[in-house]
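Dropping start.cif in here (mmCIF, C-alpha atoms):
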```
data_data
loop_
_atom_site.label_atom_id
_atom_site.label_comp_id
_atom_site.auth_asym_id
_atom_site.auth_seq_id
_atom_site.Cartn_x
_atom_site.Cartn_y
_atom_site.Cartn_z
CA MET A 1 0.00 0.00 0.00
CA ASN A 2 1.33 3.44 -0.90
CA VAL A 3 1.32 5.56 2.23
CA ILE A 4 1.72 9.30 1.76
CA ILE A 5 2.29 11.01 5.08
CA SER A 6 0.70 14.38 5.82
CA THR A 7 1.92 17.37 3.82
CA ALA A 8 1.22 20.22 6.17
CA ILE A 9 2.77 23.34 4.66
CA ILE A 10 3.97 22.58 1.16
CA SER A 11 1.42 22.19 -1.62
CA ASP A 12 1.71 19.24 -3.98
CA ASN A 13 2.46 21.05 -7.22
CA ILE A 14 5.46 22.47 -9.10
CA GLN A 15 5.21 25.80 -7.27
CA GLY A 16 5.33 23.94 -3.96
CA ALA A 17 8.36 21.94 -5.09
CA LEU A 18 10.08 25.09 -6.29
CA ALA A 19 9.35 26.96 -3.05
CA LEU A 20 10.57 24.01 -0.96
CA SER A 21 13.74 23.71 -3.07
CA VAL A 22 14.67 27.38 -2.84
CA PHE A 23 13.91 27.54 0.89
CA ASP A 24 15.74 24.30 1.68
CA PHE A 25 18.81 25.26 -0.38
CA ILE A 26 19.13 28.67 1.27
CA ALA A 27 18.38 27.27 4.73
CA CYS A 28 20.94 24.49 4.19
CA PHE A 29 23.53 27.11 3.27
CA PHE A 30 22.85 29.20 6.36
CA VAL A 31 22.70 26.22 8.75
CA LEU A 32 26.07 24.96 7.50
CA TRP A 33 27.49 28.47 7.62
CA GLY A 34 26.27 28.71 11.22
CA ILE A 35 27.88 25.35 12.01
CA SER A 36 31.16 26.68 10.62
CA PHE A 37 31.05 29.40 13.29
CA PHE A 38 30.63 26.77 16.03
CA ILE A 39 33.65 24.97 14.58
CA ARG A 40 35.62 28.24 14.55
CA GLY A 41 34.54 28.72 18.17
CA ILE A 42 35.92 25.30 19.11
CA SER A 43 39.23 26.10 17.36
CA TYR A 44 39.36 29.55 18.98
CA PHE A 45 38.99 28.21 22.53
CA ASP A 46 41.35 25.37 21.77
CA GLU A 47 44.06 27.79 20.66
CA LYS A 48 43.39 30.23 23.50
CA TYR A 49 43.60 27.54 26.19
CA PRO A 50 46.00 24.95 24.75
CA SER A 51 46.05 21.62 26.55
CA THR A 52 49.23 20.20 28.07
CA PRO A 53 50.37 16.64 27.40
CA ASP A 54 48.77 15.43 30.66
CA GLY A 55 45.37 16.68 29.49
CA THR A 56 45.06 19.82 31.63
CA THR A 57 44.86 23.31 30.14
CA SER A 58 47.75 25.73 30.13
CA LYS A 59 46.29 27.32 33.26
CA GLY A 60 46.57 24.02 35.11
CA GLU A 61 42.79 23.36 35.20
CA MET B 1 3.09 -42.17 -18.09
CA ASP B 2 3.73 -41.42 -14.44
CA ILE B 3 7.39 -40.84 -15.20
CA ILE B 4 6.48 -38.24 -17.85
CA ARG B 5 4.18 -36.51 -15.36
CA MET B 6 6.94 -36.57 -12.74
CA ILE B 7 9.38 -35.03 -15.22
CA GLN B 8 6.78 -32.37 -16.09
CA ALA B 9 6.19 -31.65 -12.39
CA MET B 10 9.92 -31.38 -11.80
CA GLY B 11 10.28 -29.08 -14.79
CA SER B 12 7.50 -26.74 -13.70
CA GLY B 13 8.97 -26.63 -10.19
CA THR B 14 12.37 -25.34 -11.33
CA GLY B 15 13.29 -21.75 -11.83
CA ILE B 16 13.75 -22.27 -15.59
CA ALA B 17 10.02 -22.72 -16.19
CA ASN B 18 9.17 -19.48 -14.42
CA PHE B 19 11.79 -17.17 -15.90
CA THR B 20 10.48 -14.07 -17.63
CA PRO B 21 12.42 -11.74 -19.98
CA ALA B 22 12.36 -9.09 -17.18
CA ASN B 23 14.05 -11.59 -14.82
CA ILE B 24 16.82 -12.15 -17.35
CA ILE B 25 17.36 -8.39 -17.80
CA MET B 26 17.59 -7.91 -14.03
CA LEU B 27 19.94 -10.90 -13.69
CA SER B 28 22.22 -9.31 -16.25
CA PHE B 29 22.23 -6.13 -14.12
CA GLY B 30 23.24 -8.26 -11.12
CA VAL B 31 26.13 -9.80 -13.08
CA LEU B 32 27.12 -6.33 -14.33
CA PHE B 33 27.30 -5.00 -10.75
CA ILE B 34 29.50 -7.91 -9.70
CA TRP B 35 31.72 -7.39 -12.75
CA PHE B 36 32.10 -3.67 -11.97
CA GLY B 37 32.91 -4.51 -8.36
CA ILE B 38 35.47 -7.25 -8.97
CA LYS B 39 36.99 -6.42 -12.35
CA LYS B 40 36.85 -2.62 -12.24
CA LYS B 41 37.17 -2.43 -8.43
CA TYR B 42 34.41 0.25 -8.22
CA GLU B 43 33.42 0.00 -4.54
CA PRO B 44 33.33 -3.83 -4.40
CA PHE B 45 31.99 -3.67 -0.83
CA LEU B 46 28.78 -2.22 -2.26
CA LEU B 47 28.50 -3.60 -5.77
CA VAL B 48 29.28 -7.27 -5.14
CA PRO B 49 26.60 -7.83 -2.44
CA LEU B 50 24.22 -5.56 -4.40
CA GLY B 51 24.67 -7.77 -7.45
CA ILE B 52 24.25 -10.95 -5.42
CA GLY B 53 21.02 -9.59 -3.87
CA CYS B 54 19.75 -8.72 -7.34
CA ILE B 55 20.55 -12.20 -8.67
CA LEU B 56 19.00 -14.01 -5.69
CA VAL B 57 15.71 -12.15 -5.95
CA ASN B 58 15.38 -12.66 -9.70
CA ILE B 59 15.70 -16.42 -9.73
CA PRO B 60 12.05 -17.50 -9.61
CA GLY B 61 10.69 -19.88 -7.01
CA THR B 62 13.32 -19.55 -4.26
CA GLY B 63 10.98 -17.66 -1.92
CA LEU B 64 13.98 -15.94 -0.35
CA ASP B 65 12.29 -12.54 -0.36
CA ALA B 66 8.82 -13.80 0.59
CA PRO B 67 7.67 -13.32 4.21
CA GLY B 68 9.67 -15.78 6.28
CA GLY B 69 12.49 -15.97 3.76
CA LEU B 70 16.10 -15.11 4.58
CA LEU B 71 16.19 -11.97 2.44
CA TYR B 72 12.82 -10.85 3.81
CA PHE B 73 14.26 -10.75 7.33
CA ASN B 74 17.40 -9.00 6.12
CA TYR B 75 15.22 -6.34 4.45
CA GLN B 76 13.57 -5.54 7.80
CA GLY B 77 16.80 -3.75 8.70
CA ILE B 78 15.92 -1.18 6.06
CA THR B 79 12.15 -1.15 6.60
CA HIS B 80 12.58 -0.43 10.32
CA VAL B 81 15.46 2.02 9.71
CA ILE B 82 17.98 -0.06 11.69
CA TYR B 83 20.84 -0.26 9.17
CA PRO B 84 21.20 3.45 8.24
CA PRO B 85 22.01 4.65 11.81
CA LEU B 86 24.37 1.67 12.26
CA ILE B 87 26.17 2.62 9.04
CA PHE B 88 26.48 6.17 10.36
CA LEU B 89 27.89 4.81 13.64
CA GLY B 90 30.59 2.98 11.67
CA VAL B 91 31.26 5.96 9.40
CA GLY B 92 31.65 8.17 12.48
CA ALA B 93 34.15 5.72 13.98
CA MET B 94 36.31 5.66 10.86
CA THR B 95 36.12 9.37 10.05
CA ASP B 96 38.60 12.03 11.06
CA PHE B 97 36.74 15.36 11.18
CA GLY B 98 40.12 17.12 11.51
CA PRO B 99 40.12 18.50 7.92
CA LEU B 100 36.71 20.10 8.49
CA ILE B 101 37.73 21.54 11.87
CA ALA B 102 41.00 22.82 10.41
CA ASN B 103 39.31 24.54 7.47
CA PRO B 104 35.66 25.29 8.35
CA SER B 105 35.18 27.55 5.31
CA THR B 106 35.03 24.43 3.12
CA ILE B 107 31.73 23.57 4.82
CA LEU B 108 30.00 25.83 2.28
CA LEU B 109 31.10 23.45 -0.49
CA GLY B 110 28.92 20.86 1.23
CA ALA B 111 25.95 23.20 0.85
CA ALA B 112 26.72 24.24 -2.74
CA ALA B 113 27.07 20.66 -3.94
CA HIS B 114 23.51 19.97 -2.83
CA LEU B 115 21.98 21.98 -5.63
CA GLY B 116 21.48 18.64 -7.39
CA ILE B 117 19.00 17.57 -4.69
CA PHE B 118 16.76 20.50 -5.45
CA ILE B 119 17.04 20.27 -9.24
CA ALA B 120 16.00 16.60 -9.01
CA LEU B 121 13.19 17.53 -6.60
CA VAL B 122 11.71 20.06 -9.04
CA GLY B 123 12.31 17.67 -11.95
CA ALA B 124 10.43 14.89 -10.14
CA SER B 125 7.55 17.25 -9.43
CA ILE B 126 7.39 18.22 -13.12
CA LEU B 127 7.31 14.51 -14.04
CA GLY B 128 4.22 14.10 -11.87
CA PHE B 129 5.57 12.66 -8.63
CA HIS B 130 3.87 13.63 -5.36
CA ILE B 131 5.79 16.25 -3.37
CA ASN B 132 6.83 13.65 -0.76
CA GLU B 133 8.02 11.29 -3.49
CA ALA B 134 9.85 14.17 -5.22
CA CYS B 135 11.72 14.99 -1.99
CA ALA B 136 12.71 11.35 -1.49
CA ILE B 137 13.97 11.20 -5.09
CA GLY B 138 15.80 14.52 -4.75
CA ILE B 139 17.79 13.34 -1.74
CA ILE B 140 19.56 10.83 -4.04
CA GLY B 141 21.61 13.87 -5.11
CA GLY B 142 23.07 14.07 -1.62
CA ALA B 143 25.04 10.91 -2.47
CA ASP B 144 24.47 9.65 1.04
CA GLY B 145 23.02 6.12 0.92
CA PRO B 146 21.84 5.83 4.55
CA MET B 147 20.25 9.31 4.41
CA ALA B 148 18.49 8.46 1.11
CA ILE B 149 17.10 5.29 2.70
CA TYR B 150 16.07 7.18 5.84
CA VAL B 151 14.22 9.95 3.96
CA ALA B 152 12.64 7.50 1.50
CA THR B 153 11.39 5.35 4.40
CA LYS B 154 9.74 8.39 5.96
CA LEU B 155 8.37 10.07 2.82
CA ALA B 156 7.87 7.44 0.12
CA PRO B 157 8.43 3.89 1.40
CA HIS B 158 7.00 2.40 -1.81
CA LEU B 159 9.88 3.98 -3.79
CA LEU B 160 12.59 2.83 -1.38
CA GLY B 161 13.96 0.17 -3.75
CA PRO B 162 14.71 2.29 -6.82
CA ILE B 163 15.86 5.25 -4.69
CA ALA B 164 18.31 3.14 -2.69
CA VAL B 165 19.61 1.36 -5.79
CA ALA B 166 20.09 4.66 -7.64
CA ALA B 167 21.85 6.26 -4.65
CA TYR B 168 24.23 3.36 -3.99
CA SER B 169 24.90 2.58 -7.66
CA TYR B 170 25.83 6.16 -8.50
CA MET B 171 27.95 6.40 -5.34
CA ALA B 172 29.87 3.36 -6.49
CA LEU B 173 30.16 4.77 -10.01
CA LEU B 174 31.46 8.20 -8.92
CA PRO B 175 34.89 7.52 -10.49
CA LEU B 176 33.07 7.36 -13.83
CA ILE B 177 30.57 10.18 -13.28
CA GLN B 178 32.59 12.99 -11.72
CA PRO B 179 35.93 13.29 -13.61
CA PRO B 180 34.41 14.41 -16.95
CA ILE B 181 32.39 17.10 -15.11
CA MET B 182 35.49 18.26 -13.21
CA LYS B 183 37.60 18.41 -16.37
CA LEU B 184 34.86 20.29 -18.21
CA LEU B 185 34.43 22.99 -15.55
CA VAL B 186 37.95 23.49 -14.16
CA PRO B 187 40.66 25.06 -16.37
CA LEU B 188 43.95 23.20 -16.62
CA GLU B 189 45.90 25.79 -14.60
CA GLU B 190 43.49 25.60 -11.66
CA ARG B 191 43.61 21.79 -11.64
CA LYS B 192 47.34 22.04 -10.86
CA ILE B 193 46.96 24.24 -7.78
CA ALA B 194 48.76 22.70 -4.79
CA MET B 195 47.01 23.52 -1.52
CA GLU B 196 48.86 24.54 1.62
CA LYS B 197 49.33 22.05 4.42
CA MET B 198 46.47 22.17 6.91
CA LYS B 199 47.01 23.37 10.47
CA PRO B 200 47.04 20.56 13.04
CA VAL B 201 43.89 19.97 15.10
CA SER B 202 44.20 19.04 18.76
CA ARG B 203 42.69 15.91 20.25
CA ARG B 204 40.57 18.05 22.57
CA ALA B 205 38.99 19.93 19.65
CA LYS B 206 38.22 16.60 17.98
CA ILE B 207 36.52 15.37 21.16
CA VAL B 208 34.49 18.56 21.65
CA PHE B 209 33.37 18.65 18.00
CA PRO B 210 30.97 15.64 18.02
CA VAL B 211 29.46 16.70 21.35
CA VAL B 212 28.80 20.24 20.08
CA MET B 213 27.42 18.88 16.80
CA ILE B 214 24.95 16.64 18.64
CA PHE B 215 23.62 19.69 20.50
CA VAL B 216 23.56 22.07 17.53
CA VAL B 217 22.20 19.80 14.81
CA LEU B 218 19.68 17.94 16.95
CA ILE B 219 18.27 21.11 18.50
CA LEU B 220 17.90 22.64 15.03
CA LEU B 221 16.65 19.53 13.24
CA PRO B 222 15.24 16.81 15.54
CA PRO B 223 13.95 14.62 12.63
CA ILE B 224 17.50 13.55 11.74
CA ALA B 225 18.43 12.63 15.32
CA PRO B 226 18.91 8.88 14.67
CA LEU B 227 21.53 9.45 12.01
CA ILE B 228 23.47 12.41 13.38
CA SER B 229 23.53 11.07 16.94
CA CYS B 230 24.98 7.76 15.70
CA LEU B 231 27.50 9.53 13.44
CA MET B 232 28.72 11.70 16.29
CA LEU B 233 28.67 8.85 18.82
CA GLY B 234 30.87 6.81 16.50
CA ASN B 235 33.21 9.76 16.09
CA LEU B 236 33.39 10.39 19.83
CA ILE B 237 34.26 6.72 20.39
CA ARG B 238 37.08 7.16 17.86
CA GLU B 239 38.44 10.42 19.20
CA CYS B 240 38.10 9.88 22.95
CA GLY B 241 41.19 7.69 22.87
CA VAL B 242 40.05 5.28 25.58
CA MET B 243 37.96 2.93 23.41
CA GLU B 244 40.43 1.94 20.70
CA ARG B 245 39.23 -1.65 20.42
CA VAL B 246 35.56 -0.64 20.10
CA SER B 247 36.46 2.12 17.66
CA ALA B 248 38.51 -0.23 15.48
CA THR B 249 35.71 -2.81 15.47
CA ILE B 250 32.86 -0.38 14.74
CA GLY B 251 34.80 1.44 12.03
CA GLY B 252 36.15 -1.80 10.55
CA PRO B 253 34.53 -5.24 10.60
CA PHE B 254 31.19 -4.01 12.00
CA LEU B 255 30.82 -1.38 9.26
CA ASP B 256 31.82 -3.89 6.58
CA ILE B 257 29.23 -6.40 7.80
CA ILE B 258 26.41 -3.84 7.98
CA THR B 259 27.38 -2.51 4.54
CA THR B 260 27.17 -6.06 3.16
CA PHE B 261 23.74 -6.59 4.75
CA ILE B 262 22.37 -3.25 3.53
CA ALA B 263 23.76 -3.77 0.01
CA ILE B 264 22.19 -7.25 -0.20
CA ALA B 265 18.90 -5.80 1.10
CA ILE B 266 18.99 -3.07 -1.56
CA GLY B 267 19.81 -5.68 -4.21
CA THR B 268 16.71 -7.63 -3.19
CA THR B 269 14.53 -4.64 -4.10
CA MET B 270 15.65 -5.12 -7.70
CA SER B 271 13.10 -7.77 -8.54
CA ALA B 272 11.69 -7.71 -12.07
CA THR B 273 8.20 -6.90 -10.78
CA ASN B 274 9.44 -3.87 -8.78
CA PHE B 275 11.88 -2.55 -11.31
CA ALA B 276 10.67 -3.09 -14.83
CA ASN B 277 8.53 0.06 -15.03
CA MET B 278 8.71 3.66 -16.21
CA GLU B 279 8.69 5.06 -12.65
CA THR B 280 12.03 3.36 -11.92
CA LEU B 281 13.51 4.66 -15.15
CA LYS B 282 12.45 8.22 -14.22
CA ILE B 283 14.00 7.87 -10.74
CA VAL B 284 17.26 6.50 -12.14
CA ILE B 285 17.52 9.37 -14.65
CA LEU B 286 16.63 12.00 -12.02
CA GLY B 287 19.23 10.50 -9.68
CA LEU B 288 21.91 10.79 -12.35
CA ILE B 289 20.91 14.41 -13.05
CA ALA B 290 21.09 15.11 -9.30
CA PHE B 291 24.60 13.61 -9.02
CA CYS B 292 25.89 15.48 -12.09
CA THR B 293 24.40 18.87 -11.21
CA GLY B 294 25.47 18.50 -7.56
CA SER B 295 29.06 17.74 -8.57
CA ALA B 296 29.00 20.64 -11.05
CA SER B 297 27.65 23.16 -8.54
CA GLY B 298 30.25 22.07 -5.96
CA VAL B 299 33.05 22.56 -8.49
CA LEU B 300 31.71 25.96 -9.56
CA TRP B 301 31.45 27.13 -5.93
CA ALA B 302 35.00 25.90 -5.34
CA ARG B 303 36.13 27.94 -8.35
CA PHE B 304 34.47 30.97 -6.75
CA MET B 305 36.34 30.21 -3.49
CA CYS B 306 39.55 29.77 -5.50
CA TRP B 307 39.06 33.23 -7.00
CA MET B 308 38.19 34.73 -3.58
CA SER B 309 41.26 33.16 -1.94
CA LYS B 310 43.51 34.28 -4.83
CA GLY B 311 44.27 30.76 -5.97
CA LYS B 312 44.76 28.99 -2.64
CA ILE B 313 41.95 26.49 -3.15
CA ASN B 314 42.05 23.81 -5.85
CA PRO B 315 38.53 23.76 -7.38
CA LEU B 316 38.74 19.98 -7.84
CA ILE B 317 37.84 19.55 -4.15
CA GLY B 318 34.42 21.09 -4.87
CA SER B 319 33.00 17.88 -6.32
CA ALA B 320 33.69 16.19 -2.96
CA GLY B 321 30.94 18.39 -1.49
CA ILE B 322 28.45 15.66 -2.27
CA ALA B 323 28.39 13.29 0.66
CA ALA B 324 29.75 9.98 -0.65
CA VAL B 325 32.49 9.48 1.98
CA PRO B 326 35.27 8.88 1.15
CA MET B 327 34.71 8.04 -2.53
CA ALA B 328 34.12 11.63 -3.64
CA ALA B 329 37.26 12.87 -1.84
CA ARG B 330 39.22 10.04 -3.43
CA VAL B 331 37.99 11.06 -6.90
CA SER B 332 39.11 14.68 -6.29
CA HIS B 333 42.51 13.42 -5.14
CA ASN B 334 42.97 11.08 -8.10
CA VAL B 335 41.97 13.69 -10.68
CA GLY B 336 44.31 16.21 -8.98
CA LEU B 337 47.20 13.73 -9.21
CA LEU B 338 46.75 13.49 -12.98
CA TYR B 339 47.83 17.13 -13.35
CA ASN B 340 50.28 17.56 -10.47
CA LYS B 341 52.03 14.42 -9.25
CA ARG B 342 52.91 16.03 -5.92
CA ASN B 343 49.44 17.37 -5.18
CA TYR B 344 47.81 15.42 -2.35
CA LEU B 345 44.25 16.71 -2.24
CA ILE B 346 42.71 13.86 -0.25
CA MET B 347 42.73 15.56 3.18
CA HIS B 348 41.66 18.91 1.71
CA ALA B 349 38.80 17.16 -0.10
CA MET B 350 37.72 15.39 3.10
CA GLY B 351 36.58 18.75 4.54
CA PRO B 352 33.88 19.39 1.91
CA ASN B 353 33.17 15.66 1.81
CA LEU B 354 32.28 15.62 5.52
CA ALA B 355 30.41 18.89 5.10
CA GLY B 356 28.42 17.04 2.45
CA VAL B 357 27.32 14.46 5.04
CA LEU B 358 26.13 17.25 7.33
CA GLY B 359 24.59 19.11 4.36
CA THR B 360 22.54 16.11 3.20
CA ALA B 361 21.36 15.53 6.76
CA VAL B 362 20.37 19.19 7.09
CA ALA B 363 18.60 19.23 3.70
CA GLY B 364 16.75 16.00 4.57
CA GLY B 365 15.89 17.27 8.04
CA ILE B 366 14.42 20.49 6.63
CA MET B 367 12.34 18.46 4.14
CA LEU B 368 10.99 16.18 6.87
CA THR B 369 10.18 19.17 9.09
CA LEU B 370 8.42 21.17 6.35
CA LEU B 371 6.44 18.16 5.16
CA GLY B 372 5.18 17.63 8.68
CA VAL B 373 6.46 14.09 9.06
CA LYS B 374 5.61 12.63 12.43
CA LEU B 375 8.47 10.49 13.69
#
```
Output the file's structure as structure tokens, nothing else.
Amino acid sequence: MNVIISTAIISDNIQGALALSVFDFIACFFVLWGISFFIRGISYFDEKYPSTPDGTTSKGE
Amino acid sequence: MDIIRMIQAMGSGTGIANFTPANIIMLSFGVLFIWFGIKKKYEPFLLVPLGIGCILVNIPGTGLDAPGGLLYFNYQGITHVIYPPLIFLGVGAMTDFGPLIANPSTILLGAAAHLGIFIALVGASILGFHINEACAIGIIGGADGPMAIYVATKLAPHLLGPIAVAAYSYMALLPLIQPPIMKLLVPLEERKIAMEKMKPVSRRAKIVFPVVMIFVVLILLPPIAPLISCLMLGNLIRECGVMERVSATIGGPFLDIITTFIAIAIGTTMSATNFANMETLKIVILGLIAFCTGSASGVLWARFMCWMSKGKINPLIGSAGIAAVPMAARVSHNVGLLYNKRNYLIMHAMGPNLAGVLGTAVAGGIMLTLLGVKL
């Protein structure tokens, strides 16, 4: 049996597909761009508080 | 007289009596997959079991894929979305996210290379597919097999077979699909660009990364929790440094076994009755368009980044923005080597390649959210 789950917001036509595509592509770009800032944040803190060989930070924490 | 009837009964009980032309066509596809896997060495881990699954299901009368049959039980791993998260667990355990952490700007290549998803989505809608089906077909362009299976299971379970076959077949055939596109779009001089050595990434940053990603991605997009949580769990097991044996097992033999099971299960969807129709042909063509346009858009975005960085980025790494890990990165590396024997692009290409995994997950998660899928 073919089960189609609810389509709440997007209409089932070419306009709906186009709108979903454009929104998803732009949103995907911004989400990944946002993730890149989290990654930069990790690198920033890692460089600011470098860890010593025994696993503690440079401030001895 | 009885002997003749016995011979007739034996004859009608064999597979030979029940073969149809469609069975023979599908069997030849199975043999072709095995040939590509063994002779051409195109991802044999995928193509050999895929071909075997295809052959097993197209020999009439075995009942292997009927309820209670061996292949039927194996297929439940896909139906109940068990295999895709397990594959992601293994991929996480064998993946070093260092290149992405070292060069986070390449994450945008993972987004750019997903244009193919949306071109295929609109194309599927034009060809008359329902919006849910069109989304499931479009995600083939992400070149992420487990994600394609996951989205198809949620949005269009009746199309799971052709979608999974298209996704995995094109992933395995990337060494054939991508190089002509790369050569067409990247000028010779840019193909030779040698990229600078990446800065080292500390073990602590590699440990923090999966934990932060679990928080960020799952809070933003809960529908993809099963896949991203397993990917990051696998990666944390790898990077934490205190679970070497588990990490080696999950990223090695465990991943190989699950890949074999999932490939056989996908092969079993290639029965003549499921496959010999126009719908499948449309999906296969749309999948190819998605792969080609995705690779092209990744390369073009990488050329833009090359221009922005004044020639520090080799545009060949752009095609790795589609998710197929690590095949797409390997293709970028191999094409780069053709033009500069001392140019090792593999680690640079792994950044966009891993971004592609996240990008496909994000694109799929947004689709599931907007289509109101209840998990």
Practice item. Using all atoms listed in the file, determine which residues lie at most 6 Å from region 20-34 of chain A, disregarding the query and same-chain residues fewer than 6 positions distant; provide the list as a PyMOL selection string. Key: chain B and resi 111+118+363
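Here, the PyMOL selection byres ((chain B) within 7 of (chain A)) matches B:Ile101, B:Pro104, B:Ser105, B:Ile107, B:Leu108, B:Ala111, B:Leu115, B:Phe118, B:Leu121, B:Val122, B:Ser125, B:Ile126, B:His130, B:Ile131, B:Leu155, B:Ala156, B:His158, B:Ala205, B:Gly359, B:Val362, B:Ala363, B:Ile366, B:Leu370, B:Leu371, B:Gly372, B:Val373.
Relative to CA of Gly234 (chain B), CA of Gly90 (chain B) is found at 6.2 Å.
Distance annotation: of B:Ile87, B:Val242, B:Ile266, B:Met147, the residue with the minimal separation from Pro162 (chain B) is B:Ile266; atom set is all atoms listed in the file.
Those residues that approach Leu46 (chain B) to within 9 Å, counting only C-alpha atoms, are Gly37, Tyr42, Glu43, Pro44, Val48, Pro49, Leu50, Gly51, Tyr168, Ser169, Ala172, Thr259, Thr260, Ile262, Ala263 and Ile264 of chain B; same-chain residues fewer than 2 positions away are not listed.
Between CA of Ser271 (chain B) and CA of Thr62 (chain B) the separation is 12.5 Å.
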Revision key, fill the gap. Counting only C-alpha atoms, closest pick from B:Leu221, B:Ile346, B:Leu174, B:Ala320 relative to Ala113 (chain B) is B:Ala320
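Separating CA of Thr268 (chain B) from CA of Asn74 (chain B) is a distance of 9.4 Å.
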